[in-house]
Amino acid sequence: MEELAIVFVHGGSHGSWCWDDVIAQMKCMGRKGPLIALDVPGCGAKRDRRSEPLTLAAIAAELNAEVSSRVTGSALLVGHSMAGILLPFMVALARAQYSEACFLAACIPRVGESVADTLGTGTQGMDPDKVGWPVPLSDDPIAMYKAMFGPDMTQKQLDWVIEQAKRDDWPRSAATEPVDRAGFPRKTRTSYIATQRDPILPLVWQGRFAERIGAKLLYLIDTPHEPFITHPTELAELIHQICSHVGGLDAFNAKLGITA
């Protein structure tokens, strides 16, 4: 029997490139099932795509078509950060295609609100109803990239991520489109990986997001927002455990020395 496929969806200012080290680690662990990293239009291998008119449903349909062309059985769907608004559409449009949706440090707006509504325009702590930003939006974009992505990275890693991020751009309509999770089936197994030292989405907000999406399993990983770059081995091990449902949260946290 073929191993469960794992499908990865990147967040904002990223492309499928961000999953390379995690996929390499999972292969080193002996994983034989399909490991598929997708690109949202405007990002990664699709940087030349004119993507502004695309809705979340249209993006989801495009990515689902790519998955169905490469996977015969069901898959674990993993989405990071801004992909939190996309995964429910993907599952709703292809319920039989995904056995589980796993949200990694993912932004989950209230139904009827957008990512832009959720983040707001001020810095963190200015408005208790908004996530806020780690530095003012008026700052140089590079300063924002460093604040969001830089913790725990080597200078080489940070330089590479910034260079890639400058070239990747989700459809801007996706950030402003109000989300609708009416078609997201509650019977779908749903998990959330919270990054404990996240400079973009504070842990308290990730807890709210996990609750909003109806996550039945909450995993903690002691990393900043970009564990696929800074801690690919730990993330690969956790995703493997989620995929096989072996050990679970307590076993993984014990290995990392994390206490509740």
# chains A, B, ... in the order shown; residues from 1 in each chain; ligands from 1
call {"tool": "residues_around", "arguments": {"residues": "stretch 172-177 of chain A", "least_positions_apart": "2", "cutoff": "9 Å", "atoms": "only C-alpha atoms", "output": "PyMOL selection string"}}
result
chain A and resi 51-56+82+85-86+112-117+169-170+179
call {"tool": "write_last_selection", "arguments": {"atoms": "C-alpha atoms", "output": "short mmCIF file (atom, residue, chain, number, x, y, z; two decimals), in the first residue's frame"}}
result
data_model
loop_
_atom_site.label_atom_id
_atom_site.label_comp_id
_atom_site.auth_asym_id
_atom_site.auth_seq_id
_atom_site.Cartn_x
_atom_site.Cartn_y
_atom_site.Cartn_z
CA SER A 51 -2.62 36.61 -10.94
CA GLU A 52 -4.51 39.68 -9.71
CA PRO A 53 -8.02 38.67 -10.86
CA LEU A 54 -7.86 35.27 -9.17
CA THR A 55 -10.19 34.49 -6.29
CA LEU A 56 -9.34 32.07 -3.49
CA MET A 82 -1.34 32.85 4.56
CA ILE A 85 -7.16 31.02 4.02
CA LEU A 86 -6.66 28.67 1.08
CA GLY A 112 -16.47 37.42 6.43
CA GLU A 113 -13.10 39.03 7.16
CA SER A 114 -9.89 39.02 5.14
CA VAL A 115 -6.24 38.54 6.02
CA ALA A 116 -5.82 42.30 5.74
CA ASP A 117 -8.69 42.80 8.22
CA ASP A 169 3.78 37.73 -4.66
CA TRP A 170 0.42 36.12 -3.93
CA VAL A 179 -13.08 34.28 3.66
#
call {"tool": "residues_around", "arguments": {"residues": "stretch 201-207 of chain A", "least_positions_apart": "3", "cutoff": "9 Å", "atoms": "only C-alpha atoms", "output": "PDB file with C-alpha atoms, in the first residue's frame"}}
result
ATOM      1  CA  SER A  81       0.831  31.207   7.233  1.00  0.00           C
ATOM      2  CA  ALA A 105       1.456  28.960  11.922  1.00  0.00           C
ATOM      3  CA  ALA A 106      -1.532  29.820   9.756  1.00  0.00           C
ATOM      4  CA  CYS A 107      -3.645  32.962   9.716  1.00  0.00           C
ATOM      5  CA  ILE A 108      -7.360  32.165  10.079  1.00  0.00           C
ATOM      6  CA  GLN A 124       1.474  44.412  17.430  1.00  0.00           C
ATOM      7  CA  VAL A 131      -2.723  40.850  15.060  1.00  0.00           C
ATOM      8  CA  GLY A 132      -0.597  43.820  14.037  1.00  0.00           C
ATOM      9  CA  TRP A 133       2.852  43.835  12.444  1.00  0.00           C
ATOM     10  CA  TYR A 192      -2.675  23.077  13.842  1.00  0.00           C
ATOM     11  CA  ILE A 193       1.070  23.459  14.412  1.00  0.00           C
ATOM     12  CA  ALA A 194       1.798  26.529  16.516  1.00  0.00           C
ATOM     13  CA  THR A 195       5.257  28.087  16.345  1.00  0.00           C
ATOM     14  CA  GLN A 196       6.080  29.163  19.883  1.00  0.00           C
ATOM     15  CA  ARG A 197       8.474  32.046  19.113  1.00  0.00           C
ATOM     16  CA  ASP A 198       6.653  33.501  16.136  1.00  0.00           C
ATOM     17  CA  ALA A 210      -6.640  26.895  15.830  1.00  0.00           C
ATOM     18  CA  GLU A 211      -9.971  27.256  17.586  1.00  0.00           C
ATOM     19  CA  ARG A 212     -11.537  29.082  14.639  1.00  0.00           C
ATOM     20  CA  LEU A 218      -2.718  21.250  18.470  1.00  0.00           C
ATOM     21  CA  HIS A 225       7.670  31.599  11.866  1.00  0.00           C
TER      22      HIS A 225
END
call {"tool": "select_by_dssp", "arguments": {"residues": "stretch 86-192 of chain A", "states": "strand (DSSP E or B)", "output": "VMD selection string"}}
result
chain A and resid 98 to 104 123 133 189 to 192
call {"tool": "write_last_selection", "arguments": {"atoms": "all heavy atoms", "output": "compact mmCIF listing (two decimals), in the first residue's frame"}}
result
# COMPACT_ATOMS: atom_id res chain seq x y z
N TYR A 98 -8.33 14.81 0.41
CA TYR A 98 -7.49 15.09 1.57
C TYR A 98 -8.02 14.38 2.81
O TYR A 98 -9.19 14.52 3.18
CB TYR A 98 -7.42 16.60 1.82
CG TYR A 98 -6.93 17.36 0.61
CD1 TYR A 98 -7.79 18.15 -0.15
CD2 TYR A 98 -5.60 17.25 0.19
CE1 TYR A 98 -7.35 18.82 -1.27
CE2 TYR A 98 -5.15 17.91 -0.94
CZ TYR A 98 -6.03 18.70 -1.66
OH TYR A 98 -5.58 19.36 -2.78
N SER A 99 -7.15 13.62 3.44
CA SER A 99 -7.52 12.92 4.67
C SER A 99 -7.40 13.82 5.89
O SER A 99 -8.02 13.57 6.92
CB SER A 99 -6.62 11.69 4.86
OG SER A 99 -5.26 12.08 4.96
N GLU A 100 -6.57 14.86 5.78
CA GLU A 100 -6.36 15.77 6.91
C GLU A 100 -5.83 17.10 6.39
O GLU A 100 -5.07 17.15 5.42
CB GLU A 100 -5.36 15.18 7.91
CG GLU A 100 -5.08 16.06 9.12
CD GLU A 100 -4.24 15.37 10.18
OE1 GLU A 100 -4.15 14.12 10.15
OE2 GLU A 100 -3.68 16.07 11.04
N ALA A 101 -6.24 18.17 7.05
CA ALA A 101 -5.70 19.50 6.77
C ALA A 101 -4.90 19.94 7.99
O ALA A 101 -5.42 19.98 9.11
CB ALA A 101 -6.83 20.49 6.48
N CYS A 102 -3.62 20.25 7.77
CA CYS A 102 -2.73 20.67 8.85
C CYS A 102 -2.30 22.11 8.60
O CYS A 102 -1.70 22.42 7.57
CB CYS A 102 -1.51 19.75 8.90
SG CYS A 102 -0.32 20.20 10.17
N PHE A 103 -2.59 22.98 9.56
CA PHE A 103 -2.31 24.40 9.45
C PHE A 103 -1.05 24.73 10.26
O PHE A 103 -1.03 24.53 11.47
CB PHE A 103 -3.49 25.21 9.96
CG PHE A 103 -4.76 25.02 9.15
CD1 PHE A 103 -5.54 23.88 9.32
CD2 PHE A 103 -5.15 25.97 8.22
CE1 PHE A 103 -6.70 23.70 8.57
CE2 PHE A 103 -6.30 25.80 7.47
CZ PHE A 103 -7.08 24.66 7.64
N LEU A 104 -0.02 25.22 9.58
CA LEU A 104 1.25 25.54 10.22
C LEU A 104 1.37 27.06 10.39
O LEU A 104 1.46 27.79 9.40
CB LEU A 104 2.42 25.01 9.37
CG LEU A 104 3.82 25.50 9.73
CD1 LEU A 104 4.21 25.09 11.15
CD2 LEU A 104 4.84 24.97 8.71
N THR A 123 1.11 48.27 14.53
CA THR A 123 2.06 47.30 15.05
C THR A 123 1.39 46.43 16.12
O THR A 123 0.31 46.76 16.62
CB THR A 123 3.29 47.99 15.65
OG1 THR A 123 2.87 48.96 16.61
CG2 THR A 123 4.09 48.68 14.55
N TRP A 133 1.62 44.18 13.16
CA TRP A 133 2.85 43.84 12.44
C TRP A 133 4.05 43.99 13.38
O TRP A 133 4.01 44.79 14.30
CB TRP A 133 3.02 44.74 11.23
CG TRP A 133 1.94 44.55 10.22
CD1 TRP A 133 0.72 45.18 10.19
CD2 TRP A 133 1.94 43.65 9.11
NE1 TRP A 133 -0.03 44.74 9.13
CE2 TRP A 133 0.69 43.80 8.45
CE3 TRP A 133 2.88 42.75 8.61
CZ2 TRP A 133 0.37 43.05 7.32
CZ3 TRP A 133 2.55 42.02 7.48
CH2 TRP A 133 1.32 42.18 6.84
N ARG A 189 -10.43 15.72 9.37
CA ARG A 189 -9.45 15.76 10.45
C ARG A 189 -8.59 17.00 10.27
O ARG A 189 -8.00 17.23 9.21
CB ARG A 189 -8.58 14.50 10.42
CG ARG A 189 -7.64 14.36 11.62
CD ARG A 189 -6.84 13.07 11.51
NE ARG A 189 -5.91 12.94 12.62
CZ ARG A 189 -6.16 12.23 13.72
NH1 ARG A 189 -7.31 11.61 13.87
NH2 ARG A 189 -5.26 12.16 14.68
N THR A 190 -8.51 17.83 11.32
CA THR A 190 -7.84 19.12 11.23
C THR A 190 -6.86 19.28 12.38
O THR A 190 -7.20 19.02 13.54
CB THR A 190 -8.86 20.27 11.27
OG1 THR A 190 -9.83 20.07 10.23
CG2 THR A 190 -8.19 21.60 11.05
N SER A 191 -5.65 19.69 12.06
CA SER A 191 -4.64 19.90 13.08
C SER A 191 -3.99 21.27 12.87
O SER A 191 -4.08 21.85 11.78
CB SER A 191 -3.58 18.79 13.05
OG SER A 191 -3.01 18.66 11.76
N TYR A 192 -3.33 21.76 13.90
CA TYR A 192 -2.67 23.08 13.84
C TYR A 192 -1.32 22.96 14.53
O TYR A 192 -1.22 22.47 15.66
CB TYR A 192 -3.53 24.14 14.54
CG TYR A 192 -3.09 25.56 14.27
CD1 TYR A 192 -3.82 26.37 13.40
CD2 TYR A 192 -1.95 26.10 14.87
CE1 TYR A 192 -3.42 27.68 13.14
CE2 TYR A 192 -1.55 27.40 14.61
CZ TYR A 192 -2.30 28.18 13.75
OH TYR A 192 -1.90 29.48 13.49
call {"tool": "select_by_dssp", "arguments": {"residues": "stretch 170-212 of chain A", "states": "alpha helix (DSSP H)", "output": "list in words"}}
result
Arg172, Ser173, Ala174, Ala175, Thr176, Leu203, Val204, Trp205, Gln206, Gly207, Arg208, Phe209, Ala210, Glu211 and Arg212 of chain A
call {"tool": "residues_around", "arguments": {"residues": "stretch 154-166 of chain A", "least_positions_apart": "2", "cutoff": "8 Å", "atoms": "only C-alpha atoms", "output": "list of chain:residue names"}}
result
A:Ser13, A:His14, A:Ile142, A:Tyr145, A:Lys146, A:Phe149, A:Gly150, A:Asp152, A:Asp168, A:Asp169, A:Ile229
call {"tool": "atom_distance", "arguments": {"atom1": "atom CA of A:Phe184", "atom2": "atom CA of A:Arg47"}}
result
28.7 Å
call {"tool": "closest_residue", "arguments": {"among": "A:Pro178, A:Gly125, A:Pro171, A:Pro227", "to": "A:Arg50", "atoms": "only C-alpha atoms"}}
result
A:Pro171
call {"tool": "atom_distance", "arguments": {"atom1": "atom CA of A:Gly33", "atom2": "atom CA of A:Glu66"}}
result
16.3 Å
call {"tool": "closest_residue", "arguments": {"among": "A:Pro136, A:Ala75, A:Pro109, A:Ala37", "to": "A:Gly122", "atoms": "only C-alpha atoms"}}
result
A:Pro136
call {"tool": "residues_around", "arguments": {"residues": "A:Ile6", "least_positions_apart": "6", "cutoff": "8 Å", "atoms": "only C-alpha atoms", "output": "list in words"}}
result
Gly33, Pro34, Leu35, Ile36, Ala75, Leu76, Leu77 and Val78 of chain A
call {"tool": "atom_distance", "arguments": {"atom1": "atom CA of A:His231", "atom2": "atom CA of A:Ala83"}}
result
19.6 Å
